[in-house]
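Raw coords31.txt, compact mmCIF, C-alpha atoms:
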# COMPACT_ATOMS: atom_id res chain seq x y z
CA MET A 1 5.95 7.36 -18.47
CA SER A 2 6.34 9.38 -15.33
CA VAL A 3 9.77 9.38 -13.74
CA GLN A 4 8.01 9.68 -10.39
CA PHE A 5 6.03 6.50 -11.04
CA ARG A 6 9.14 4.54 -12.05
CA ARG A 7 10.85 5.68 -8.87
CA LEU A 8 7.88 4.62 -6.75
CA VAL A 9 7.75 1.20 -8.39
CA ARG A 10 11.44 0.62 -7.72
CA ARG A 11 11.07 1.79 -4.14
CA HIS A 12 8.01 -0.28 -3.18
CA GLN A 13 7.95 -3.36 -5.41
CA HIS A 14 9.97 -5.67 -3.13
CA ARG A 15 8.03 -4.77 0.00
CA LEU A 16 4.69 -5.30 -1.76
CA PHE A 17 5.87 -8.58 -3.24
CA SER A 18 7.16 -9.80 0.11
CA LEU A 19 3.87 -8.92 1.82
CA ALA A 20 1.82 -10.66 -0.89
CA ALA A 21 4.05 -13.74 -0.98
CA HIS A 22 3.91 -14.13 2.80
CA LEU A 23 0.17 -13.65 2.95
CA LEU A 24 -0.56 -15.94 0.01
CA GLY A 25 2.24 -18.47 0.50
CA ASN A 26 2.62 -18.44 -3.26
CA THR A 27 5.05 -16.35 -5.28
CA ALA A 28 3.30 -16.70 -8.65
CA GLU A 29 0.07 -15.29 -7.26
CA ALA A 30 2.06 -12.64 -5.41
CA GLU A 31 3.53 -11.47 -8.74
CA ASP A 32 0.05 -11.05 -10.21
CA VAL A 33 -1.16 -9.14 -7.16
CA VAL A 34 1.82 -6.78 -7.19
CA GLN A 35 1.40 -6.14 -10.89
CA ASP A 36 -2.27 -5.22 -10.39
CA VAL A 37 -1.49 -3.01 -7.40
CA LEU A 38 1.23 -1.10 -9.26
CA VAL A 39 -1.07 -0.51 -12.24
CA LYS A 40 -3.70 0.78 -9.79
CA LEU A 41 -1.05 3.03 -8.29
CA TRP A 42 -0.40 4.45 -11.76
CA GLN A 43 -4.10 5.15 -12.19
CA HIS A 44 -4.49 6.83 -8.78
CA LEU A 45 -1.13 8.53 -8.55
CA SER A 46 -2.42 12.05 -9.12
CA SER A 47 -4.86 11.79 -6.20
CA LEU A 48 -2.31 10.43 -3.67
CA ASP A 49 -0.05 12.56 -1.51
CA ALA A 50 3.56 11.39 -1.55
CA GLU A 51 3.57 10.23 2.08
CA ARG A 52 0.35 8.24 1.59
CA VAL A 53 1.70 6.13 -1.28
CA ARG A 54 3.35 3.40 0.81
CA PRO A 55 0.43 2.73 3.22
CA TRP A 56 -1.97 2.94 0.29
CA CYS A 57 0.01 0.33 -1.67
CA LEU A 58 0.34 -1.97 1.35
CA ARG A 59 -3.36 -1.71 2.13
CA VAL A 60 -4.42 -2.40 -1.46
CA THR A 61 -1.98 -5.32 -1.65
CA ARG A 62 -3.29 -6.83 1.58
CA ASN A 63 -6.92 -6.44 0.46
CA ALA A 64 -6.14 -8.08 -2.88
CA CYS A 65 -4.45 -10.99 -1.08
CA LEU A 66 -7.37 -11.46 1.30
CA ASP A 67 -9.79 -11.47 -1.64
CA LEU A 68 -7.66 -14.09 -3.34
CA LEU A 69 -7.48 -16.20 -0.19
CA ARG A 70 -11.27 -16.02 0.20
CA ARG A 71 -11.73 -17.11 -3.40
CA ARG A 72 -9.16 -19.88 -2.92
CA ARG A 73 -10.96 -21.17 0.19
CA TYR A 74 -14.24 -21.12 -1.67
CA GLN A 75 -12.75 -23.07 -4.56
CA MET A 76 -10.98 -25.51 -2.26
CA ALA A 77 -14.27 -26.43 -0.64
CA TYR A 78 -15.18 -28.05 -3.96
CA VAL A 79 -11.87 -29.73 -4.61
CA SER A 80 -11.51 -33.11 -3.01
CA GLU A 81 -7.85 -33.67 -3.60
CA ALA A 82 -5.14 -31.41 -2.32
CA VAL A 83 -3.44 -29.29 -4.94
CA ASN A 84 0.15 -28.72 -4.03
CA GLY A 85 1.47 -26.78 -7.04
CA GLY A 86 3.18 -23.42 -6.64
CA GLY A 87 3.45 -23.61 -2.89
CA VAL A 88 -0.26 -23.74 -2.01
CA ARG A 89 -0.31 -25.59 1.28
CA VAL A 90 -3.60 -27.19 2.15
CA GLU A 91 -3.09 -29.44 5.13
CA GLU A 92 0.26 -30.52 6.46
CA THR A 93 0.73 -34.27 6.70
CA PRO A 94 3.35 -35.82 8.99
CA LEU A 95 5.46 -36.44 5.87
CA ASP A 96 5.23 -32.77 4.87
CA HIS A 97 6.23 -31.86 8.38
CA LEU A 98 9.41 -33.92 8.11
CA THR A 99 10.10 -32.61 4.63
CA ASN A 100 9.71 -28.96 5.61
CA ALA A 101 12.88 -29.12 7.61
CA GLY A 102 14.15 -26.04 9.38
CA LEU A 103 12.61 -23.67 11.84
CA GLY A 104 12.35 -20.94 9.19
CA GLN A 105 10.04 -23.04 7.03
CA ARG A 106 7.95 -24.18 9.98
CA LEU A 107 7.65 -20.58 11.12
CA LYS A 108 6.49 -19.60 7.63
CA ASN A 109 3.85 -22.30 7.77
CA ALA A 110 2.78 -21.21 11.25
CA ILE A 111 2.43 -17.62 10.05
CA GLY A 112 0.33 -18.88 7.14
CA ASP A 113 -1.98 -20.63 9.61
CA LEU A 114 -2.67 -17.48 11.63
CA ASP A 115 -6.07 -15.84 11.25
CA GLU A 116 -6.43 -12.25 10.15
CA PRO A 117 -5.45 -9.68 11.27
CA PHE A 118 -2.70 -11.57 13.14
CA ARG A 119 -1.00 -12.84 10.01
CA SER A 120 -0.90 -9.39 8.41
CA LEU A 121 0.34 -7.89 11.68
CA ILE A 122 3.25 -10.32 11.91
CA VAL A 123 4.20 -9.86 8.27
CA LEU A 124 3.93 -6.07 8.33
CA ARG A 125 5.72 -5.57 11.63
CA GLU A 126 8.23 -8.41 11.88
CA LEU A 127 9.07 -9.01 8.24
CA GLU A 128 8.37 -5.66 6.58
CA GLU A 129 9.34 -3.54 9.60
CA CYS A 130 6.43 -1.14 9.29
CA SER A 131 5.81 1.30 12.16
CA TYR A 132 2.87 0.82 14.52
CA LYS A 133 1.32 3.97 13.08
CA GLU A 134 1.61 2.72 9.53
CA ILE A 135 0.22 -0.71 10.45
CA GLY A 136 -2.69 0.97 12.20
CA GLU A 137 -3.40 2.94 9.06
CA ILE A 138 -3.24 -0.15 6.85
CA LEU A 139 -5.37 -2.35 9.10
CA ASP A 140 -7.69 0.33 10.51
CA LEU A 141 -6.49 -0.26 14.07
CA SER A 142 -5.38 2.11 16.83
CA ASP A 143 -1.75 2.09 17.99
CA GLN A 144 -2.81 0.34 21.18
CA GLN A 145 -4.72 -2.34 19.25
CA VAL A 146 -1.71 -2.90 17.02
CA ARG A 147 0.51 -3.51 20.08
CA VAL A 148 -1.98 -5.81 21.81
CA TYR A 149 -2.79 -7.82 18.69
CA LEU A 150 0.88 -8.11 17.81
CA HIS A 151 1.68 -9.61 21.20
CA ARG A 152 -1.25 -11.98 20.73
CA ALA A 153 0.00 -12.97 17.29
CA ARG A 154 3.50 -13.70 18.60
CA ARG A 155 1.99 -15.70 21.46
CA LYS A 156 -0.01 -17.80 18.99
CA LEU A 157 3.17 -18.51 17.04
CA ARG A 158 5.06 -19.41 20.21
CA HIS A 159 2.34 -21.82 21.29
CA ARG A 160 2.07 -23.26 17.80
CA LEU A 161 5.81 -23.91 17.45
CA GLY A 162 6.29 -24.94 21.09
CA SER A 163 9.38 -27.06 21.65
CA GLU A 164 10.57 -26.41 18.07
CA LEU A 165 11.73 -23.05 19.40
CA ASP A 166 14.01 -24.67 21.98
CA ASP A 167 17.70 -24.11 21.29
CA MET B 1 2.94 -35.87 27.45
CA THR B 2 1.77 -32.27 27.70
CA GLU B 3 4.17 -29.54 28.74
CA LYS B 4 3.64 -27.57 31.87
CA ARG B 5 2.65 -24.04 30.89
CA PRO B 6 3.18 -20.93 33.01
CA ASP B 7 0.12 -19.36 34.63
CA LYS B 8 -2.04 -17.56 32.09
CA TRP B 9 -1.42 -14.08 33.58
CA PHE B 10 2.33 -14.53 33.06
CA ASP B 11 2.02 -16.34 29.75
CA ASP B 12 -0.08 -13.43 28.40
CA ARG B 13 2.72 -11.01 29.26
CA ILE B 14 5.74 -12.87 27.91
CA GLU B 15 5.84 -11.01 24.57
CA ALA B 16 5.48 -7.63 26.31
CA PHE B 17 8.27 -8.61 28.70
CA VAL B 18 10.54 -9.66 25.83
CA ASP B 19 10.04 -6.41 23.90
CA ARG B 20 10.30 -4.38 27.14
CA SER B 21 6.86 -2.84 26.92
CA LEU B 22 5.55 -4.13 30.28
CA PRO B 23 4.63 -1.41 32.80
CA ASP B 24 7.16 -1.20 35.66
CA ASN B 25 4.96 -2.77 38.32
CA GLU B 26 4.09 -5.75 36.10
CA ARG B 27 7.72 -6.13 35.02
CA ARG B 28 8.87 -6.40 38.66
CA LEU B 29 6.21 -9.02 39.35
CA PHE B 30 7.17 -10.88 36.19
CA GLU B 31 10.89 -10.89 37.02
CA ALA B 32 10.20 -12.18 40.52
CA ARG B 33 8.13 -15.02 39.09
CA LEU B 34 10.77 -15.76 36.47
CA GLU B 35 13.23 -16.63 39.25
CA LEU B 36 10.88 -19.28 40.62
CA ASP B 37 9.14 -20.72 37.58
CA PRO B 38 11.18 -22.89 35.18
CA ALA B 39 8.21 -23.26 32.79
CA LEU B 40 8.04 -19.48 32.48
CA ARG B 41 11.78 -19.33 31.77
CA VAL B 42 11.38 -21.88 28.98
CA GLU B 43 8.58 -19.83 27.40
CA VAL B 44 10.55 -16.60 27.64
CA ALA B 45 13.50 -18.30 25.92
CA ARG B 46 11.14 -19.51 23.17
CA ALA B 47 9.70 -16.03 22.72
CA ARG B 48 13.24 -14.66 22.31
CA ARG B 49 14.12 -17.38 19.80
CA LEU B 50 10.94 -16.59 17.88
CA GLU B 51 11.88 -12.91 17.80
CA ARG B 52 15.35 -13.74 16.46
CA THR B 53 14.01 -16.15 13.86
CA LEU B 54 11.48 -13.60 12.62
CA ALA B 55 14.21 -10.97 12.39
CA ALA B 56 16.39 -13.39 10.41
CA THR B 57 13.66 -14.30 7.92
CA PRO B 58 14.99 -13.36 4.48
CA ARG B 59 13.17 -10.55 2.66
CA LEU B 60 11.70 -11.60 -0.65
CA ARG B 61 12.63 -9.70 -3.80
CA CYS B 62 10.17 -9.00 -6.55
CA PRO B 63 11.23 -10.57 -9.87
CA SER B 64 12.24 -7.93 -12.43
CA ASP B 65 9.63 -9.34 -14.84
CA VAL B 66 6.88 -7.79 -12.76
CA ARG B 67 8.38 -4.33 -13.03
CA ARG B 68 8.89 -4.74 -16.76
CA ARG B 69 5.27 -5.82 -17.28
CA VAL B 70 3.99 -2.92 -15.18
CA PHE B 71 6.04 -0.40 -17.16
CA GLU B 72 4.80 -1.88 -20.42
CA MET B 73 1.18 -1.78 -19.32
CA THR B 74 1.31 1.76 -17.96
CA SER B 75 3.21 3.22 -20.89
CA ALA B 76 0.20 2.34 -23.08
CA ARG B 77 -2.33 3.92 -20.72
CA ARG B 78 -3.21 7.29 -19.36
CA PRO B 79 -3.60 7.70 -15.65
CA ARG B 80 -6.92 8.82 -14.30
CA PRO B 81 -7.16 12.61 -14.26
CA GLY B 82 -6.42 14.06 -10.83
CA ARG B 83 -8.12 16.95 -9.11
CA TRP B 84 -5.93 19.49 -10.92
CA ALA B 85 -6.87 17.98 -14.23
CA TRP B 86 -10.52 18.53 -13.35
CA ALA B 87 -9.68 22.09 -12.31
CA ALA B 88 -7.96 22.53 -15.66
CA ALA B 89 -11.01 21.23 -17.45
CA GLY B 90 -13.18 23.68 -15.48
CA ALA B 91 -10.87 26.55 -16.31
CA MET B 92 -10.91 25.50 -19.95
CA GLY B 93 -14.72 25.55 -19.87
CA LEU B 94 -14.67 29.01 -18.36
CA ALA B 95 -12.25 30.21 -21.02
CA VAL B 96 -14.52 28.86 -23.75
CA ALA B 97 -17.52 30.55 -22.13
CA VAL B 98 -15.65 33.85 -22.09
CA LEU B 99 -14.67 33.37 -25.73
CA VAL B 100 -18.29 32.75 -26.68
CA ALA B 101 -19.35 35.79 -24.71
CA VAL B 102 -16.79 37.99 -26.44
CA LYS B 103 -16.95 36.64 -29.95
CA GLY B 104 -20.35 34.95 -30.06
CA PRO B 105 -23.09 35.86 -32.55
CA LEU B 106 -25.52 36.99 -29.82
CA ASN B 107 -23.19 39.78 -28.74
CA GLY B 108 -22.13 41.38 -31.95
CA SER B 109 -21.34 44.90 -30.74
CA PRO B 110 -19.88 44.86 -27.23
CA SER B 111 -19.15 48.13 -25.55
CA PRO B 112 -15.51 49.01 -24.70
CA ALA B 113 -16.29 48.35 -21.04
CA GLU B 114 -17.65 44.89 -21.87
CA LEU B 115 -14.61 44.17 -23.99
CA ALA B 116 -12.27 45.21 -21.21
CA GLN B 117 -14.20 43.09 -18.72
CA ALA B 118 -14.10 40.14 -21.09
CA ARG B 119 -10.33 40.47 -21.53
CA ALA B 120 -9.86 40.62 -17.79
CA ASP B 121 -12.05 37.51 -17.38
CA MET B 122 -10.13 35.75 -20.11
CA ALA B 123 -6.78 36.61 -18.53
CA LEU B 124 -8.00 35.31 -15.19
CA ALA B 125 -9.34 32.09 -16.70
CA LEU B 126 -6.14 31.51 -18.64
CA ALA B 127 -4.06 32.14 -15.54
CA TYR B 128 -6.04 29.42 -13.72
CA LEU B 129 -5.70 27.15 -16.70
CA ASP B 130 -1.96 27.77 -16.83
CA ARG B 131 -1.51 27.02 -13.14
CA ALA B 132 -3.69 23.92 -13.31
CA GLY B 133 -1.75 22.69 -16.31
CA ARG B 134 1.54 23.17 -14.54
CA VAL B 135 0.44 21.44 -11.33
CA ALA B 136 -1.17 18.57 -13.20
CA GLY B 137 1.99 18.28 -15.28
CA ARG B 138 4.05 17.97 -12.11
CA GLU B 139 1.68 15.44 -10.58
CA VAL B 140 1.69 13.00 -13.43
CA GLY B 141 5.23 13.63 -14.46
CA GLY B 142 4.48 15.68 -17.56
CA GLN B 143 4.00 12.63 -19.73
CA TRP B 144 0.60 13.09 -21.23
CA VAL B 145 -0.06 16.60 -20.08
CA THR B 146 2.47 18.48 -22.11
CA GLY B 147 1.38 16.90 -25.36
CA GLY B 148 -2.28 16.67 -24.47
CA ILE B 149 -5.37 18.52 -23.47
CA ILE B 150 -4.17 20.49 -20.45
CA LYS B 151 -0.73 21.69 -21.36
CA PRO B 152 0.22 24.95 -19.68
CA VAL B 153 -1.05 27.98 -21.57
CA SER B 154 2.39 29.50 -21.58
CA ALA B 155 3.61 26.42 -23.44
CA GLY B 156 1.72 27.30 -26.56
CA LEU B 157 -1.98 28.14 -26.23
CA SER B 158 -2.44 31.47 -28.02
CA LEU B 159 -4.70 34.28 -26.90
CA PRO B 160 -7.38 35.41 -29.35
CA ALA B 161 -6.03 38.14 -31.54
CA ARG B 162 -7.33 41.62 -30.94
CA ASP B 163 -9.54 42.98 -33.68
CA PRO B 164 -8.53 46.64 -34.28
CA ALA B 165 -11.63 47.27 -36.40
CA THR B 166 -13.95 46.24 -33.58
CA GLU B 167 -11.96 48.23 -31.07
CA ALA B 168 -12.03 51.33 -33.30
CA LYS B 169 -15.81 51.06 -33.64
CA GLY B 170 -16.22 50.82 -29.89

Rewrite the structure of this file - the entire thing - as structure tokens.
Amino acid sequence: MSVQFRRLVRRHQHRLFSLAAHLLGNTAEAEDVVQDVLVKLWQHLSSLDAERVRPWCLRVTRNACLDLLRRRRYQMAYVSEAVNGGGVRVEETPLDHLTNAGLGQRLKNAIGDLDEPFRSLIVLRELEECSYKEIGEILDLSDQQVRVYLHRARRKLRHRLGSELDD
Amino acid sequence: MTEKRPDKWFDDRIEAFVDRSLPDNERRLFEARLELDPALRVEVARARRLERTLAATPRLRCPSDVRRRVFEMTSARRPRPGRWAWAAAGAMGLAVAVLVAVKGPLNGSPSPAELAQARADMALALAYLDRAGRVAGREVGGQWVTGGIIKPVSAGLSLPARDPATEAKG
């Protein structure tokens, strides 16, 4: 196996996993997504320039997560009872709210409730520390759109969390 | 009881104010309002807390199992051929065509000029093939290339032997 491929896997695996886990809210599914993305990377490696590898991986990971979320929503429409295994959060009850103690957890839930592309923007910029340029490339947005949407995403989180953000 | 929110114009600019990306004129207006509006001050403090909490969110680490599975799966597969592999295949085709032209049954008695031209064509084709093999080898890490179909010519592909009898006849 290519030494270059092994190096790329080691370099990008955690970032891809973190993106997938934050978008999906589920680490088991995130593992599957990352595995598929890295195998795809192996298959396409010869056609990718070195500097394009990271945005390519992040974009493919995000698309795979969105596909999975769409499928999950479709399936959930036919499931009457909430399935709570593996971290899939359907609808938060007051009891869940009390149980999910800590601002960090509530923030995670609030991020999970954001619509696209706001959720991806927050995860890519705030958690994965991608540059505006890179985010624009991944999400097909201009630099200016990235900035504006990012402010909007943070505002949504601030409104959503409200007084929970008070010191 | 609902909280009093700042005016929308100011509320829309809180995040830009916090990350210092407001234009100067808007920033001055915002700061003046901040002095007078306690609701705006509360929201700015919340925006800052949100920023800190996001920054403090722990990064997730990919379990090592995933890497192991990926390495297992890819060690049993070949990657898709890249553009240099296709170039190598093209060069290989050209080399075969030249071989057929030189040695084929339809051209049994080539003239010395034709032979020389054919050798030159062959050398050119093999040079392309060699370069393509080397580049493709670099691109995919030399794993399947060096033992496979597009290994560099200089790594072992032999040129057709000259036939002194044919040359003497010519």

Neighbours of chain B in chain A at 7 Å, counting all atoms listed in the file, as JSON, numbers by chain: {"A": [1, 2, 3, 4, 13, 14, 17, 18, 31, 35, 38, 39, 42, 43, 44, 46, 47, 104, 126, 127, 151, 154, 155, 158, 165, 166]}

From B:Ala95, B:Gly90, B:Ser111, B:Asp7, residue lying nearest Pro38 of chain B [only C-alpha atoms]: B:Asp7

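Using all atoms listed in the file, the shortest contact distance between His12 of chain A and any of A:Glu128, A:Arg106, A:Ile111, A:Ala153 is found at A:Glu128.
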
Among the residues B:Leu40, B:Ala127, B:Ala89, B:Val98, the one that comes closest to Glu114 of chain B [using all atoms listed in the file]: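 So, comparing all the options, the nearest one is B:Val98.
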
Straight-line distance linking atom CA of Ile138 of chain A with atom CA of Ala21 of chain A, stated in Å to one decimal: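 These two atoms are separated by 17.3 Å.
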
Using only C-alpha atoms: which of A:Ala28, A:Leu157, A:Leu66, A:Leu58 has the shortest distance to Gly136 of chain A: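 Checking each of A:Ala28, A:Leu157, A:Leu66, A:Leu58 against Gly136 of chain A, counting only C-alpha atoms, the winner is A:Leu58.
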
Could segment 25-60 of chain A be written out with N, CA and C atoms, as a PDB file, in the first residue's frame, please?
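Saved result, part-v6.pdb, follows:
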ATOM      1  N   GLY A  25     -24.333  13.401  14.617  1.00  0.00           N
ATOM      2  CA  GLY A  25     -24.678  13.214  16.026  1.00  0.00           C
ATOM      3  C   GLY A  25     -24.591  11.751  16.432  1.00  0.00           C
ATOM      4  N   ASN A  26     -23.738  11.012  15.748  1.00  0.00           N
ATOM      5  CA  ASN A  26     -23.692   9.568  15.975  1.00  0.00           C
ATOM      6  C   ASN A  26     -22.317   9.049  15.557  1.00  0.00           C
ATOM      7  N   THR A  27     -21.558   8.543  16.522  1.00  0.00           N
ATOM      8  CA  THR A  27     -20.174   8.165  16.217  1.00  0.00           C
ATOM      9  C   THR A  27     -20.079   6.861  15.408  1.00  0.00           C
ATOM     10  N   ALA A  28     -21.025   5.950  15.614  1.00  0.00           N
ATOM     11  CA  ALA A  28     -20.955   4.682  14.867  1.00  0.00           C
ATOM     12  C   ALA A  28     -21.156   4.940  13.373  1.00  0.00           C
ATOM     13  N   GLU A  29     -22.141   5.771  13.059  1.00  0.00           N
ATOM     14  CA  GLU A  29     -22.365   6.110  11.647  1.00  0.00           C
ATOM     15  C   GLU A  29     -21.183   6.911  11.099  1.00  0.00           C
ATOM     16  N   ALA A  30     -20.629   7.764  11.944  1.00  0.00           N
ATOM     17  CA  ALA A  30     -19.481   8.569  11.513  1.00  0.00           C
ATOM     18  C   ALA A  30     -18.311   7.656  11.123  1.00  0.00           C
ATOM     19  N   GLU A  31     -18.102   6.593  11.881  1.00  0.00           N
ATOM     20  CA  GLU A  31     -17.024   5.644  11.554  1.00  0.00           C
ATOM     21  C   GLU A  31     -17.225   5.051  10.160  1.00  0.00           C
ATOM     22  N   ASP A  32     -18.478   4.652   9.882  1.00  0.00           N
ATOM     23  CA  ASP A  32     -18.761   4.062   8.566  1.00  0.00           C
ATOM     24  C   ASP A  32     -18.515   5.064   7.446  1.00  0.00           C
ATOM     25  N   VAL A  33     -18.960   6.299   7.682  1.00  0.00           N
ATOM     26  CA  VAL A  33     -18.780   7.332   6.654  1.00  0.00           C
ATOM     27  C   VAL A  33     -17.293   7.565   6.390  1.00  0.00           C
ATOM     28  N   VAL A  34     -16.516   7.697   7.459  1.00  0.00           N
ATOM     29  CA  VAL A  34     -15.080   7.975   7.290  1.00  0.00           C
ATOM     30  C   VAL A  34     -14.400   6.812   6.562  1.00  0.00           C
ATOM     31  N   GLN A  35     -14.780   5.620   6.913  1.00  0.00           N
ATOM     32  CA  GLN A  35     -14.202   4.449   6.242  1.00  0.00           C
ATOM     33  C   GLN A  35     -14.475   4.505   4.734  1.00  0.00           C
ATOM     34  N   ASP A  36     -15.730   4.793   4.370  1.00  0.00           N
ATOM     35  CA  ASP A  36     -16.081   4.877   2.946  1.00  0.00           C
ATOM     36  C   ASP A  36     -15.314   5.992   2.251  1.00  0.00           C
ATOM     37  N   VAL A  37     -15.213   7.135   2.927  1.00  0.00           N
ATOM     38  CA  VAL A  37     -14.534   8.286   2.307  1.00  0.00           C
ATOM     39  C   VAL A  37     -13.059   7.971   2.082  1.00  0.00           C
ATOM     40  N   LEU A  38     -12.427   7.315   3.044  1.00  0.00           N
ATOM     41  CA  LEU A  38     -10.996   7.022   2.900  1.00  0.00           C
ATOM     42  C   LEU A  38     -10.751   5.983   1.804  1.00  0.00           C
ATOM     43  N   VAL A  39     -11.675   5.046   1.658  1.00  0.00           N
ATOM     44  CA  VAL A  39     -11.535   4.079   0.553  1.00  0.00           C
ATOM     45  C   VAL A  39     -11.706   4.809  -0.784  1.00  0.00           C
ATOM     46  N   LYS A  40     -12.662   5.758  -0.824  1.00  0.00           N
ATOM     47  CA  LYS A  40     -12.832   6.554  -2.054  1.00  0.00           C
ATOM     48  C   LYS A  40     -11.569   7.359  -2.339  1.00  0.00           C
ATOM     49  N   LEU A  41     -10.974   7.875  -1.279  1.00  0.00           N
ATOM     50  CA  LEU A  41      -9.728   8.637  -1.458  1.00  0.00           C
ATOM     51  C   LEU A  41      -8.663   7.745  -2.109  1.00  0.00           C
ATOM     52  N   TRP A  42      -8.570   6.528  -1.642  1.00  0.00           N
ATOM     53  CA  TRP A  42      -7.611   5.565  -2.212  1.00  0.00           C
ATOM     54  C   TRP A  42      -7.869   5.380  -3.702  1.00  0.00           C
ATOM     55  N   GLN A  43      -9.158   5.287  -4.058  1.00  0.00           N
ATOM     56  CA  GLN A  43      -9.498   5.040  -5.459  1.00  0.00           C
ATOM     57  C   GLN A  43      -9.222   6.252  -6.351  1.00  0.00           C
ATOM     58  N   HIS A  44      -9.334   7.459  -5.765  1.00  0.00           N
ATOM     59  CA  HIS A  44      -9.194   8.680  -6.580  1.00  0.00           C
ATOM     60  C   HIS A  44      -7.848   9.375  -6.387  1.00  0.00           C
ATOM     61  N   LEU A  45      -6.991   8.776  -5.609  1.00  0.00           N
ATOM     62  CA  LEU A  45      -5.764   9.464  -5.198  1.00  0.00           C
ATOM     63  C   LEU A  45      -4.943   9.964  -6.383  1.00  0.00           C
ATOM     64  N   SER A  46      -4.861   9.140  -7.428  1.00  0.00           N
ATOM     65  CA  SER A  46      -3.984   9.513  -8.548  1.00  0.00           C
ATOM     66  C   SER A  46      -4.523  10.709  -9.326  1.00  0.00           C
ATOM     67  N   SER A  47      -5.807  11.031  -9.174  1.00  0.00           N
ATOM     68  CA  SER A  47      -6.357  12.159  -9.934  1.00  0.00           C
ATOM     69  C   SER A  47      -6.482  13.421  -9.078  1.00  0.00           C
ATOM     70  N   LEU A  48      -6.002  13.363  -7.815  1.00  0.00           N
ATOM     71  CA  LEU A  48      -6.118  14.533  -6.928  1.00  0.00           C
ATOM     72  C   LEU A  48      -4.752  15.170  -6.698  1.00  0.00           C
ATOM     73  N   ASP A  49      -4.718  16.506  -6.849  1.00  0.00           N
ATOM     74  CA  ASP A  49      -3.488  17.213  -6.486  1.00  0.00           C
ATOM     75  C   ASP A  49      -3.380  17.225  -4.961  1.00  0.00           C
ATOM     76  N   ALA A  50      -2.138  17.299  -4.481  1.00  0.00           N
ATOM     77  CA  ALA A  50      -1.916  17.187  -3.035  1.00  0.00           C
ATOM     78  C   ALA A  50      -2.719  18.225  -2.234  1.00  0.00           C
ATOM     79  N   GLU A  51      -2.762  19.472  -2.754  1.00  0.00           N
ATOM     80  CA  GLU A  51      -3.432  20.510  -1.955  1.00  0.00           C
ATOM     81  C   GLU A  51      -4.958  20.408  -2.017  1.00  0.00           C
ATOM     82  N   ARG A  52      -5.465  19.574  -2.932  1.00  0.00           N
ATOM     83  CA  ARG A  52      -6.920  19.422  -3.056  1.00  0.00           C
ATOM     84  C   ARG A  52      -7.438  18.275  -2.195  1.00  0.00           C
ATOM     85  N   VAL A  53      -6.551  17.497  -1.607  1.00  0.00           N
ATOM     86  CA  VAL A  53      -6.989  16.292  -0.894  1.00  0.00           C
ATOM     87  C   VAL A  53      -7.899  16.638   0.285  1.00  0.00           C
ATOM     88  N   ARG A  54      -7.476  17.605   1.116  1.00  0.00           N
ATOM     89  CA  ARG A  54      -8.252  17.908   2.323  1.00  0.00           C
ATOM     90  C   ARG A  54      -9.660  18.447   1.992  1.00  0.00           C
ATOM     91  N   PRO A  55      -9.777  19.496   1.134  1.00  0.00           N
ATOM     92  CA  PRO A  55     -11.141  19.941   0.809  1.00  0.00           C
ATOM     93  C   PRO A  55     -11.966  18.855   0.136  1.00  0.00           C
ATOM     94  N   TRP A  56     -11.311  18.047  -0.693  1.00  0.00           N
ATOM     95  CA  TRP A  56     -12.039  16.958  -1.361  1.00  0.00           C
ATOM     96  C   TRP A  56     -12.614  15.997  -0.313  1.00  0.00           C
ATOM     97  N   CYS A  57     -11.774  15.596   0.635  1.00  0.00           N
ATOM     98  CA  CYS A  57     -12.222  14.657   1.681  1.00  0.00           C
ATOM     99  C   CYS A  57     -13.357  15.267   2.513  1.00  0.00           C
ATOM    100  N   LEU A  58     -13.204  16.541   2.876  1.00  0.00           N
ATOM    101  CA  LEU A  58     -14.228  17.171   3.707  1.00  0.00           C
ATOM    102  C   LEU A  58     -15.552  17.283   2.945  1.00  0.00           C
ATOM    103  N   ARG A  59     -15.447  17.614   1.658  1.00  0.00           N
ATOM    104  CA  ARG A  59     -16.665  17.747   0.858  1.00  0.00           C
ATOM    105  C   ARG A  59     -17.372  16.390   0.712  1.00  0.00           C
ATOM    106  N   VAL A  60     -16.581  15.362   0.409  1.00  0.00           N
ATOM    107  CA  VAL A  60     -17.180  14.029   0.233  1.00  0.00           C
ATOM    108  C   VAL A  60     -17.780  13.540   1.558  1.00  0.00           C
TER     109      VAL A  60
END
